[in-house]
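Trainee: The structure file entry.pdb (PDB, C-alpha atoms, pLDDT in the B column) is provided below.
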ATOM      1  CA  MET A  11      47.756 -18.967  36.402  1.00 87.00           C
ATOM      2  CA  ILE A  12      45.813 -15.731  36.012  1.00 92.00           C
ATOM      3  CA  PRO A  13      42.634 -16.288  33.955  1.00 92.00           C
ATOM      4  CA  ILE A  14      43.683 -13.904  31.196  1.00 96.00           C
ATOM      5  CA  ILE A  15      41.612 -14.249  28.039  1.00 95.00           C
ATOM      6  CA  ALA A  16      43.675 -15.198  24.994  1.00 95.00           C
ATOM      7  CA  PRO A  17      43.210 -13.085  21.825  1.00 95.00           C
ATOM      8  CA  ASP A  18      41.573 -16.023  20.038  1.00 92.00           C
ATOM      9  CA  ASP A  19      39.026 -16.386  22.830  1.00 94.00           C
ATOM     10  CA  ALA A  20      38.433 -12.636  23.019  1.00 94.00           C
ATOM     11  CA  VAL A  21      36.602 -12.730  19.699  1.00 89.00           C
ATOM     12  CA  THR A  22      34.153 -15.252  21.146  1.00 89.00           C
ATOM     13  CA  ARG A  23      33.633 -13.083  24.235  1.00 90.00           C
ATOM     14  CA  LEU A  24      32.814 -10.112  22.036  1.00 93.00           C
ATOM     15  CA  HIS A  25      30.193 -12.158  20.195  1.00 89.00           C
ATOM     16  CA  ARG A  26      28.496 -12.938  23.505  1.00 86.00           C
ATOM     17  CA  ILE A  27      27.969  -9.312  24.464  1.00 84.00           C
ATOM     18  CA  GLN A  28      27.310  -7.874  21.015  1.00 87.00           C
ATOM     19  CA  ALA A  29      23.568  -8.556  20.916  1.00 80.00           C
ATOM     20  CA  MET A  30      23.083  -7.087  24.396  1.00 81.00           C
ATOM     21  CA  LEU A  31      24.951  -3.890  23.563  1.00 85.00           C
ATOM     22  CA  VAL A  32      23.336  -3.382  20.193  1.00 77.00           C
ATOM     23  CA  ALA A  33      19.826  -3.967  21.555  1.00 79.00           C
ATOM     24  CA  ALA A  34      20.360  -1.582  24.464  1.00 81.00           C
ATOM     25  CA  SER A  35      21.875   1.136  22.277  1.00 69.00           C
ATOM     26  CA  ARG A  36      19.329   0.969  19.439  1.00 69.00           C
ATOM     27  CA  PRO A  37      17.100   3.750  20.852  1.00 66.00           C
ATOM     28  CA  HIS A  38      20.182   6.005  21.086  1.00 58.00           C
ATOM     29  CA  ALA A  39      21.697   5.192  17.701  1.00 55.00           C
ATOM     30  CA  ALA A  40      20.379   8.263  15.908  1.00 50.00           C
ATOM     31  CA  ALA A  41      21.885  10.576  18.487  1.00 48.00           C
ATOM     32  CA  ARG A  42      25.262   8.820  18.479  1.00 52.00           C
ATOM     33  CA  PRO A  43      25.934   7.356  14.983  1.00 45.00           C
ATOM     34  CA  HIS A  44      29.729   7.669  15.295  1.00 58.00           C
ATOM     35  CA  ASN A  45      29.710   5.577  18.502  1.00 71.00           C
ATOM     36  CA  ASP A  46      27.704   2.642  17.225  1.00 82.00           C
ATOM     37  CA  PRO A  47      28.516  -0.343  19.512  1.00 86.00           C
ATOM     38  CA  GLY A  48      28.136  -2.822  16.669  1.00 85.00           C
ATOM     39  CA  THR A  49      30.785  -1.001  14.659  1.00 89.00           C
ATOM     40  CA  LEU A  50      33.121  -0.748  17.626  1.00 92.00           C
ATOM     41  CA  ILE A  51      32.730  -4.448  18.382  1.00 93.00           C
ATOM     42  CA  GLY A  52      33.474  -5.270  14.763  1.00 92.00           C
ATOM     43  CA  THR A  53      36.642  -3.183  15.017  1.00 95.00           C
ATOM     44  CA  LEU A  54      37.669  -5.021  18.193  1.00 96.00           C
ATOM     45  CA  GLU A  55      37.007  -8.414  16.631  1.00 95.00           C
ATOM     46  CA  GLN A  56      39.392  -7.561  13.816  1.00 96.00           C
ATOM     47  CA  PHE A  57      41.848  -6.164  16.346  1.00 97.00           C
ATOM     48  CA  PHE A  58      41.954  -9.316  18.503  1.00 97.00           C
ATOM     49  CA  ALA A  59      42.178 -11.507  15.404  1.00 96.00           C
ATOM     50  CA  MET A  60      45.214  -9.456  14.376  1.00 96.00           C
ATOM     51  CA  LEU A  61      46.792  -9.878  17.842  1.00 97.00           C
ATOM     52  CA  ALA A  62      46.307 -13.635  17.611  1.00 96.00           C
ATOM     53  CA  GLY A  63      47.850 -13.651  14.151  1.00 96.00           C
ATOM     54  CA  LEU A  64      50.899 -11.735  15.364  1.00 96.00           C
ATOM     55  CA  ASP A  65      51.281 -14.177  18.267  1.00 96.00           C
ATOM     56  CA  HIS A  66      51.321 -17.055  15.811  1.00 95.00           C
ATOM     57  CA  ARG A  67      53.689 -15.307  13.418  1.00 95.00           C
ATOM     58  CA  TYR A  68      56.306 -13.988  15.843  1.00 95.00           C
ATOM     59  CA  GLY A  69      55.738 -16.111  18.951  1.00 96.00           C
ATOM     60  CA  THR A  70      53.930 -15.078  22.109  1.00 95.00           C
ATOM     61  CA  LYS A  71      56.847 -13.269  23.777  1.00 94.00           C
ATOM     62  CA  ALA A  72      58.925 -11.833  20.957  1.00 94.00           C
ATOM     63  CA  PRO A  73      59.403  -8.107  20.266  1.00 93.00           C
ATOM     64  CA  LEU A  74      57.477  -6.856  17.247  1.00 94.00           C
ATOM     65  CA  PRO A  75      58.970  -4.701  14.481  1.00 90.00           C
ATOM     66  CA  ASP A  76      58.511  -0.929  14.299  1.00 86.00           C
ATOM     67  CA  GLY A  77      56.978  -0.570  17.761  1.00 86.00           C
ATOM     68  CA  ASP A  78      53.839  -2.379  16.680  1.00 92.00           C
ATOM     69  CA  ALA A  79      53.156  -3.753  20.159  1.00 96.00           C
ATOM     70  CA  THR A  80      52.888  -0.228  21.540  1.00 97.00           C
ATOM     71  CA  ARG A  81      51.007   1.296  18.620  1.00 96.00           C
ATOM     72  CA  LEU A  82      48.536  -1.522  18.025  1.00 96.00           C
ATOM     73  CA  GLY A  83      47.963  -2.393  21.672  1.00 97.00           C
ATOM     74  CA  ASN A  84      47.139   1.143  22.765  1.00 97.00           C
ATOM     75  CA  SER A  85      44.868   1.771  19.777  1.00 97.00           C
ATOM     76  CA  GLY A  86      42.875  -1.293  20.812  1.00 97.00           C
ATOM     77  CA  LEU A  87      42.731  -0.108  24.412  1.00 97.00           C
ATOM     78  CA  MET A  88      41.328   3.239  23.308  1.00 96.00           C
ATOM     79  CA  THR A  89      38.595   1.574  21.244  1.00 96.00           C
ATOM     80  CA  LEU A  90      37.774  -0.774  24.087  1.00 95.00           C
ATOM     81  CA  ALA A  91      37.652   2.111  26.571  1.00 95.00           C
ATOM     82  CA  GLU A  92      35.159   3.884  24.315  1.00 94.00           C
ATOM     83  CA  LEU A  93      32.953   0.804  24.186  1.00 93.00           C
ATOM     84  CA  THR A  94      33.250   0.347  27.948  1.00 94.00           C
ATOM     85  CA  GLU A  95      32.049   3.910  28.483  1.00 93.00           C
ATOM     86  CA  ILE A  96      29.037   3.231  26.273  1.00 90.00           C
ATOM     87  CA  SER A  97      28.263   0.093  28.291  1.00 92.00           C
ATOM     88  CA  GLN A  98      28.290   2.134  31.477  1.00 92.00           C
ATOM     89  CA  GLN A  99      26.055   4.810  29.966  1.00 90.00           C
ATOM     90  CA  LEU A 100      23.584   2.131  28.878  1.00 90.00           C
ATOM     91  CA  GLY A 101      23.485   0.582  32.350  1.00 91.00           C
ATOM     92  CA  LEU A 102      25.090  -2.723  31.338  1.00 93.00           C
ATOM     93  CA  PRO A 103      27.495  -3.623  34.177  1.00 93.00           C
ATOM     94  CA  LYS A 104      28.051  -7.197  32.965  1.00 92.00           C
ATOM     95  CA  ALA A 105      29.067  -6.030  29.516  1.00 92.00           C
ATOM     96  CA  LYS A 106      31.320  -3.389  31.064  1.00 94.00           C
ATOM     97  CA  ALA A 107      33.056  -5.959  33.301  1.00 93.00           C
ATOM     98  CA  GLU A 108      33.584  -8.342  30.365  1.00 93.00           C
ATOM     99  CA  LEU A 109      35.116  -5.555  28.303  1.00 95.00           C
ATOM    100  CA  GLU A 110      37.403  -4.596  31.174  1.00 95.00           C
ATOM    101  CA  ARG A 111      38.631  -8.192  31.319  1.00 96.00           C
ATOM    102  CA  LEU A 112      39.552  -7.855  27.671  1.00 97.00           C
ATOM    103  CA  ALA A 113      41.606  -4.762  28.537  1.00 97.00           C
ATOM    104  CA  VAL A 114      43.740  -7.006  30.745  1.00 98.00           C
ATOM    105  CA  SER A 115      44.260  -9.287  27.746  1.00 97.00           C
ATOM    106  CA  ILE A 116      45.533  -6.345  25.719  1.00 98.00           C
ATOM    107  CA  GLY A 117      47.819  -5.256  28.552  1.00 98.00           C
ATOM    108  CA  ASP A 118      49.189  -8.782  28.717  1.00 98.00           C
ATOM    109  CA  TRP A 119      49.756  -8.796  24.956  1.00 98.00           C
ATOM    110  CA  ILE A 120      51.610  -5.478  25.050  1.00 98.00           C
ATOM    111  CA  THR A 121      53.906  -6.600  27.868  1.00 97.00           C
ATOM    112  CA  ARG A 122      54.554  -9.976  26.267  1.00 97.00           C
ATOM    113  CA  HIS A 123      55.735  -8.257  23.103  1.00 97.00           C
ATOM    114  CA  HIS A 124      57.865  -5.682  24.962  1.00 96.00           C
ATOM    115  CA  GLY A 125      55.610  -2.729  24.211  1.00 97.00           C
ATOM    116  CA  GLU A 126      54.760   0.330  26.255  1.00 97.00           C
ATOM    117  CA  ILE A 127      51.388   1.046  27.846  1.00 98.00           C
ATOM    118  CA  HIS A 128      49.943   4.510  27.340  1.00 97.00           C
ATOM    119  CA  THR A 129      46.298   3.723  28.164  1.00 96.00           C
ATOM    120  CA  LEU A 130      46.459   2.274  31.658  1.00 96.00           C
ATOM    121  CA  GLU A 131      43.016   2.897  33.166  1.00 95.00           C
ATOM    122  CA  PRO A 132      40.988   0.143  31.427  1.00 95.00           C
ATOM    123  CA  ILE A 133      43.628  -2.430  32.344  1.00 97.00           C
ATOM    124  CA  VAL A 134      43.588  -1.376  35.999  1.00 97.00           C
ATOM    125  CA  ASN A 135      39.790  -1.566  36.053  1.00 96.00           C
ATOM    126  CA  GLY A 136      39.853  -5.038  34.542  1.00 96.00           C
ATOM    127  CA  LEU A 137      42.404  -6.281  37.038  1.00 97.00           C
ATOM    128  CA  ALA A 138      40.209  -5.020  39.886  1.00 96.00           C
ATOM    129  CA  VAL A 139      37.298  -7.051  38.504  1.00 94.00           C
ATOM    130  CA  MET A 140      39.455 -10.168  38.239  1.00 96.00           C
ATOM    131  CA  ALA A 141      41.133  -9.753  41.622  1.00 95.00           C
ATOM    132  CA  ASN A 142      37.775  -9.710  43.378  1.00 93.00           C
ATOM    133  CA  GLU A 143      37.067 -13.174  41.989  1.00 93.00           C
ATOM    134  CA  VAL A 144      40.396 -14.798  42.906  1.00 94.00           C
ATOM    135  CA  GLN A 145      41.040 -16.570  46.211  1.00 93.00           C
ATOM    136  CA  GLU A 146      43.835 -19.063  45.473  1.00 96.00           C
ATOM    137  CA  PRO A 147      47.195 -17.879  46.890  1.00 97.00           C
ATOM    138  CA  ALA A 148      49.169 -19.051  43.852  1.00 97.00           C
ATOM    139  CA  VAL A 149      46.931 -17.113  41.477  1.00 97.00           C
ATOM    140  CA  LEU A 150      47.157 -14.023  43.688  1.00 98.00           C
ATOM    141  CA  GLU A 151      50.960 -14.317  43.578  1.00 98.00           C
ATOM    142  CA  ASP A 152      50.847 -14.517  39.764  1.00 98.00           C
ATOM    143  CA  MET A 153      48.525 -11.522  39.638  1.00 98.00           C
ATOM    144  CA  THR A 154      50.906  -9.530  41.834  1.00 98.00           C
ATOM    145  CA  ALA A 155      53.783 -10.357  39.497  1.00 98.00           C
ATOM    146  CA  PHE A 156      51.695  -9.402  36.465  1.00 98.00           C
ATOM    147  CA  MET A 157      50.838  -6.052  38.043  1.00 98.00           C
ATOM    148  CA  GLY A 158      54.560  -5.481  38.484  1.00 98.00           C
ATOM    149  CA  ASP A 159      55.111  -6.264  34.790  1.00 97.00           C
ATOM    150  CA  LEU A 160      52.445  -3.701  33.908  1.00 97.00           C
ATOM    151  CA  MET A 161      54.131  -1.090  36.080  1.00 97.00           C
ATOM    152  CA  ARG A 162      57.426  -1.655  34.302  1.00 96.00           C
ATOM    153  CA  ALA A 163      55.718  -1.463  30.899  1.00 97.00           C
ATOM    154  CA  THR A 164      53.836   1.759  31.690  1.00 97.00           C
ATOM    155  CA  ALA A 165      54.928   4.814  29.738  1.00 96.00           C
ATOM    156  CA  ARG A 166      57.303   7.117  31.557  1.00 94.00           C
ATOM    157  CA  ASP A 167      54.994  10.134  31.389  1.00 93.00           C
ATOM    158  CA  ILE A 168      52.489   8.140  33.470  1.00 94.00           C
ATOM    159  CA  ALA A 169      55.025   6.468  35.762  1.00 92.00           C
ATOM    160  CA  THR A 170      56.570   9.783  36.784  1.00 91.00           C
ATOM    161  CA  ASP A 171      53.168  10.473  38.391  1.00 89.00           C
ATOM    162  CA  PRO A 172      53.031  14.217  37.636  1.00 85.00           C
ATOM    163  CA  ASP A 173      49.486  14.884  38.921  1.00 83.00           C
ATOM    164  CA  MET A 174      49.361  13.503  42.436  1.00 82.00           C
ATOM    165  CA  SER A 175      46.231  15.517  43.224  1.00 84.00           C
ATOM    166  CA  ASP A 176      44.006  12.931  41.520  1.00 89.00           C
ATOM    167  CA  ASP A 177      43.371  10.005  43.878  1.00 91.00           C
ATOM    168  CA  ARG A 178      41.701   8.074  41.056  1.00 94.00           C
ATOM    169  CA  ARG A 179      44.689   8.107  38.727  1.00 95.00           C
ATOM    170  CA  PRO A 180      45.336   4.576  37.377  1.00 96.00           C
ATOM    171  CA  TRP A 181      49.035   4.583  38.323  1.00 96.00           C
ATOM    172  CA  ARG A 182      48.103   5.044  41.991  1.00 97.00           C
ATOM    173  CA  ILE A 183      45.251   2.528  41.938  1.00 97.00           C
ATOM    174  CA  LEU A 184      47.420  -0.114  40.264  1.00 98.00           C
ATOM    175  CA  GLN A 185      50.043   0.038  43.002  1.00 97.00           C
ATOM    176  CA  LEU A 186      47.586   0.106  45.881  1.00 98.00           C
ATOM    177  CA  ASN A 187      45.690  -2.842  44.413  1.00 98.00           C
ATOM    178  CA  ARG A 188      48.964  -4.679  43.875  1.00 98.00           C
ATOM    179  CA  ALA A 189      49.775  -4.290  47.567  1.00 98.00           C
ATOM    180  CA  ILE A 190      46.304  -5.542  48.507  1.00 98.00           C
ATOM    181  CA  VAL A 191      46.601  -8.567  46.231  1.00 98.00           C
ATOM    182  CA  ALA A 192      50.071  -9.364  47.608  1.00 98.00           C
ATOM    183  CA  THR A 193      48.656  -9.242  51.147  1.00 98.00           C
ATOM    184  CA  ARG A 194      45.819 -11.581  50.193  1.00 97.00           C
ATOM    185  CA  SER A 195      48.359 -14.065  48.821  1.00 98.00           C
ATOM    186  CA  HIS A 196      49.783 -14.504  52.371  1.00 98.00           C
ATOM    187  CA  ASN A 197      53.266 -14.650  50.817  1.00 98.00           C
ATOM    188  CA  THR A 198      55.269 -12.568  53.277  1.00 98.00           C
ATOM    189  CA  GLU A 199      58.365 -12.278  51.076  1.00 98.00           C
ATOM    190  CA  LEU A 200      56.234 -11.010  48.222  1.00 98.00           C
ATOM    191  CA  MET A 201      54.458  -8.613  50.573  1.00 98.00           C
ATOM    192  CA  SER A 202      57.766  -7.085  51.644  1.00 98.00           C
ATOM    193  CA  GLN A 203      58.885  -6.582  48.038  1.00 98.00           C
ATOM    194  CA  VAL A 204      55.614  -4.936  47.043  1.00 98.00           C
ATOM    195  CA  PHE A 205      55.424  -2.813  50.188  1.00 98.00           C
ATOM    196  CA  ASP A 206      58.926  -1.503  49.513  1.00 97.00           C
ATOM    197  CA  ASP A 207      57.833  -0.557  45.985  1.00 97.00           C
ATOM    198  CA  LEU A 208      54.763   1.172  47.382  1.00 97.00           C
ATOM    199  CA  ILE A 209      56.802   3.268  49.827  1.00 96.00           C
ATOM    200  CA  GLN A 210      59.207   4.267  47.065  1.00 95.00           C
ATOM    201  CA  ASN A 211      56.605   5.038  44.394  1.00 94.00           C
ATOM    202  CA  LEU A 212      53.728   6.404  46.500  1.00 94.00           C
ATOM    203  CA  PRO A 213      55.281   7.782  49.685  1.00 92.00           C
ATOM    204  CA  ALA A 214      52.313  10.087  50.284  1.00 90.00           C
ATOM    205  CA  ASP A 215      49.896   7.155  50.257  1.00 94.00           C
ATOM    206  CA  ALA A 216      51.945   4.463  51.980  1.00 95.00           C
ATOM    207  CA  ARG A 217      51.214   5.484  55.572  1.00 94.00           C
ATOM    208  CA  ASP A 218      47.452   5.482  54.990  1.00 95.00           C
ATOM    209  CA  PHE A 219      47.718   2.131  53.244  1.00 97.00           C
ATOM    210  CA  PHE A 220      49.414   0.492  56.210  1.00 97.00           C
ATOM    211  CA  ARG A 221      47.026   2.154  58.650  1.00 96.00           C
ATOM    212  CA  GLU A 222      44.095   0.674  56.728  1.00 97.00           C
ATOM    213  CA  GLY A 223      46.005  -2.595  56.485  1.00 97.00           C
ATOM    214  CA  MET A 224      46.148  -2.798  60.266  1.00 97.00           C
ATOM    215  CA  ARG A 225      42.387  -2.328  60.412  1.00 96.00           C
ATOM    216  CA  GLN A 226      41.986  -5.170  57.957  1.00 96.00           C
ATOM    217  CA  MET A 227      44.227  -7.359  60.095  1.00 96.00           C
ATOM    218  CA  GLU A 228      41.676  -6.924  62.879  1.00 94.00           C
ATOM    219  CA  ALA A 229      38.641  -7.442  60.656  1.00 95.00           C
ATOM    220  CA  VAL A 230      39.904 -10.469  58.699  1.00 93.00           C
ATOM    221  CA  PRO A 231      41.578 -13.556  60.244  1.00 94.00           C
ATOM    222  CA  TYR A 232      44.933 -13.209  58.481  1.00 96.00           C
ATOM    223  CA  PRO A 233      47.727 -15.607  59.521  1.00 97.00           C
ATOM    224  CA  ALA A 234      50.076 -14.355  62.206  1.00 97.00           C
ATOM    225  CA  ARG A 235      52.998 -14.110  59.762  1.00 97.00           C
ATOM    226  CA  VAL A 236      50.990 -11.776  57.519  1.00 98.00           C
ATOM    227  CA  ARG A 237      49.945  -9.644  60.475  1.00 97.00           C
ATOM    228  CA  ALA A 238      53.594  -9.425  61.534  1.00 98.00           C
ATOM    229  CA  VAL A 239      54.713  -8.006  58.176  1.00 98.00           C
ATOM    230  CA  MET A 240      51.890  -5.469  58.067  1.00 98.00           C
ATOM    231  CA  THR A 241      52.629  -4.427  61.656  1.00 97.00           C
ATOM    232  CA  ARG A 242      56.337  -4.041  60.956  1.00 97.00           C
ATOM    233  CA  TYR A 243      55.748  -1.674  58.031  1.00 97.00           C
ATOM    234  CA  PHE A 244      53.041   0.247  59.859  1.00 96.00           C
ATOM    235  CA  GLN A 245      55.246   0.813  62.874  1.00 95.00           C
ATOM    236  CA  ALA A 246      58.295   1.700  60.765  1.00 93.00           C
ATOM    237  CA  LEU A 247      56.418   4.442  58.931  1.00 90.00           C
ATOM    238  CA  ALA A 248      54.752   5.666  62.123  1.00 83.00           C
ATOM    239  CA  GLN A 249      58.131   6.023  63.836  1.00 80.00           C
ATOM    240  CA  HIS A 250      59.643   7.680  60.776  1.00 69.00           C
ATOM    241  CA  SER A 251      56.883  10.304  60.755  1.00 60.00           C
ATOM    242  CA  LEU A 252      57.887  11.412  64.261  1.00 40.00           C
ATOM    243  CA  HIS A 253      61.370  12.537  63.174  1.00 38.00           C
TER     244      HIS A 253
END
Written as structure tokens, how would this file's structure read?
Mentor:
Amino acid sequence: MIPIIAPDDAVTRLHRIQAMLVAASRPHAAARPHNDPGTLIGTLEQFFAMLAGLDHRYGTKAPLPDGDATRLGNSGLMTLAELTEISQQLGLPKAKAELERLAVSIGDWITRHHGEIHTLEPIVNGLAVMANEVQEPAVLEDMTAFMGDLMRATARDIATDPDMSDDRRPWRILQLNRAIVATRSHNTELMSQVFDDLIQNLPADARDFFREGMRQMEAVPYPARVRAVMTRYFQALAQHSLH
């Protein structure tokens, strides 16, 4: 299973980083009273407690009334993104990474309750942090599936990918990272499914992805079956580009 932090546990995580953030931000408090980290953390503690309460009231996978999963989840992501930005400005990478993990928890909560994600970037950043720490093939498979769930839950105005000039856009990064994680799982069937999605959703990026994938096949001792899948897609796109 993916080590996603449950809403109940998120409150404890916030307690752990509160003192560090408040101490580091104290010299800047007068210049930024509306962005006080202590206040933002207090807001997030109440937010995660509310998510846990809704899980207990409606069940962990039931739709919520009146679009609450979408409205509440994205409001929490925006607050968390603000606090993450403050952590980066204060030079606190550990606090930033912990907050990004919590963004994944919110993304999980939104998808479990059939909501729609409008604030994708903090979730993508958190998944990148988590993926770098995972080695077990089964967990990588679960993470790939979860990334697919996030893609399906992403708001249409993001998923239509209107601004393809920005290489850092979260929609692009999510799909490229999903393909990397699928490759690391060594599950060739899963790789094929994800690679097909990548070609369909990011045709302008797919060829470069497979070209880089071939370089990784040389640099890392991947199993022969994994190399075969990467080679097949690389060659297919290379041949297609000639016509």
Trainee: How many Å lie between CA of Leu130 (chain A) and CA of Pro75 (chain A), rounded to one decimal?
Mentor: 22.4 Å
Trainee: Report as AutoDock Vina command-line options the centre and the edge lengths, in Å to one decimal, of the axis-aligned box holding every listed atom of region 16-25 of chain A, padded by 6 Å on each side.
Mentor:
--center_x 36.9 --center_y -13.2 --center_z 22.3 --size_x 25.5 --size_y 18.3 --size_z 17.3
Trainee: Which residues are close to Leu74 (chain A), i.e. within 9 Å by only C-alpha atoms, leaving aside same-chain residues fewer than 2 positions away? Reply as a PyMOL selection string.
Mentor: chain A and resi 64+68+72+76-79+123-125
Trainee: Filtering to C-alpha atoms, could you give me those residues as a tab-separated table (two decimals), in the coordinates of the input?
Mentor:
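Saved result, again03.tsv, follows:
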chain	number	residue	atom	x	y	z
A	64	LEU	CA	50.90	-11.74	15.36
A	68	TYR	CA	56.31	-13.99	15.84
A	72	ALA	CA	58.92	-11.83	20.96
A	76	ASP	CA	58.51	-0.93	14.30
A	77	GLY	CA	56.98	-0.57	17.76
A	78	ASP	CA	53.84	-2.38	16.68
A	79	ALA	CA	53.16	-3.75	20.16
A	123	HIS	CA	55.74	-8.26	23.10
A	124	HIS	CA	57.86	-5.68	24.96
A	125	GLY	CA	55.61	-2.73	24.21
Trainee: I'd like the neighbourhood of region 229-245 of chain A as a PyMOL selection string, where a residue qualifies if any of its atoms comes within 8 Å (using all atoms listed in the file), though same-chain residues fewer than 5 positions away should be ignored.
Mentor: chain A and resi 193+196-198+201-202+205+217+220-221+223-224
Trainee: With C-alpha atoms retained, export the selected residues as a short mmCIF file (atom, residue, chain, number, x, y, z; two decimals), keeping the file's coordinate frame.
Mentor:
data_model
loop_
_atom_site.label_atom_id
_atom_site.label_comp_id
_atom_site.auth_asym_id
_atom_site.auth_seq_id
_atom_site.Cartn_x
_atom_site.Cartn_y
_atom_site.Cartn_z
CA THR A 193 48.66 -9.24 51.15
CA HIS A 196 49.78 -14.50 52.37
CA ASN A 197 53.27 -14.65 50.82
CA THR A 198 55.27 -12.57 53.28
CA MET A 201 54.46 -8.61 50.57
CA SER A 202 57.77 -7.08 51.64
CA PHE A 205 55.42 -2.81 50.19
CA ARG A 217 51.21 5.48 55.57
CA PHE A 220 49.41 0.49 56.21
CA ARG A 221 47.03 2.15 58.65
CA GLY A 223 46.00 -2.60 56.48
CA MET A 224 46.15 -2.80 60.27
#
Trainee: Determine, counting all atoms listed in the file, which protein, DNA and RNA residues have an atom within 12 Å of an atom of Thr170 (chain A); residues of the same chain fewer than 2 positions away are not included. Present the result as a list in words.
Mentor: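 Surrounding residues, per the criterion: Met161, Arg162, Thr164, Ala165, Arg166, Asp167, Ile168, Pro172, Asp173, Met174, Trp181, Arg182, Gln210, Asn211 and Leu212 of chain A.
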Trainee: Report as a ChimeraX atom specification all protein, DNA and RNA residues lying within 12 Å of Leu102 (chain A), evaluated on all atoms listed in the file, omitting residues in the same chain fewer than 4 positions from it.
Mentor: /A:27-28,30-35,93-98,106-109
Trainee: Can you spit out the residues from that selection as an mmCIF file, keeping the file's coordinate frame, using C-alpha atoms?
Mentor:
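Saved file selection37.cif follows:
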data_model
loop_
_atom_site.group_PDB
_atom_site.id
_atom_site.type_symbol
_atom_site.label_atom_id
_atom_site.label_comp_id
_atom_site.auth_asym_id
_atom_site.auth_seq_id
_atom_site.Cartn_x
_atom_site.Cartn_y
_atom_site.Cartn_z
ATOM 1 C CA ILE A 27 27.969 -9.312 24.464
ATOM 2 C CA GLN A 28 27.310 -7.874 21.015
ATOM 3 C CA MET A 30 23.083 -7.087 24.396
ATOM 4 C CA LEU A 31 24.951 -3.890 23.563
ATOM 5 C CA VAL A 32 23.336 -3.382 20.193
ATOM 6 C CA ALA A 33 19.826 -3.967 21.555
ATOM 7 C CA ALA A 34 20.360 -1.582 24.464
ATOM 8 C CA SER A 35 21.875 1.136 22.277
ATOM 9 C CA LEU A 93 32.953 0.804 24.186
ATOM 10 C CA THR A 94 33.250 0.347 27.948
ATOM 11 C CA GLU A 95 32.049 3.910 28.483
ATOM 12 C CA ILE A 96 29.037 3.231 26.273
ATOM 13 C CA SER A 97 28.263 0.093 28.291
ATOM 14 C CA GLN A 98 28.290 2.134 31.477
ATOM 15 C CA LYS A 106 31.320 -3.389 31.064
ATOM 16 C CA ALA A 107 33.056 -5.959 33.301
ATOM 17 C CA GLU A 108 33.584 -8.342 30.365
ATOM 18 C CA LEU A 109 35.116 -5.555 28.303
#
Trainee: Tell me which residues the PyMOL selection byres ((chain A and resi 131) around 9) grabs here, as a PyMOL selection string.
Mentor: chain A and resi 91+129-130+132-136+179-181+184
Trainee: Would you translate the PyMOL selection byres ((chain A and resi 14) around 12) into the concrete set of residues it matches in this file, as a VMD selection string?
Mentor: chain A and resid 11 to 13 15 to 20 108 110 to 119 133 136 to 137 139 to 141 149 152 to 153 156
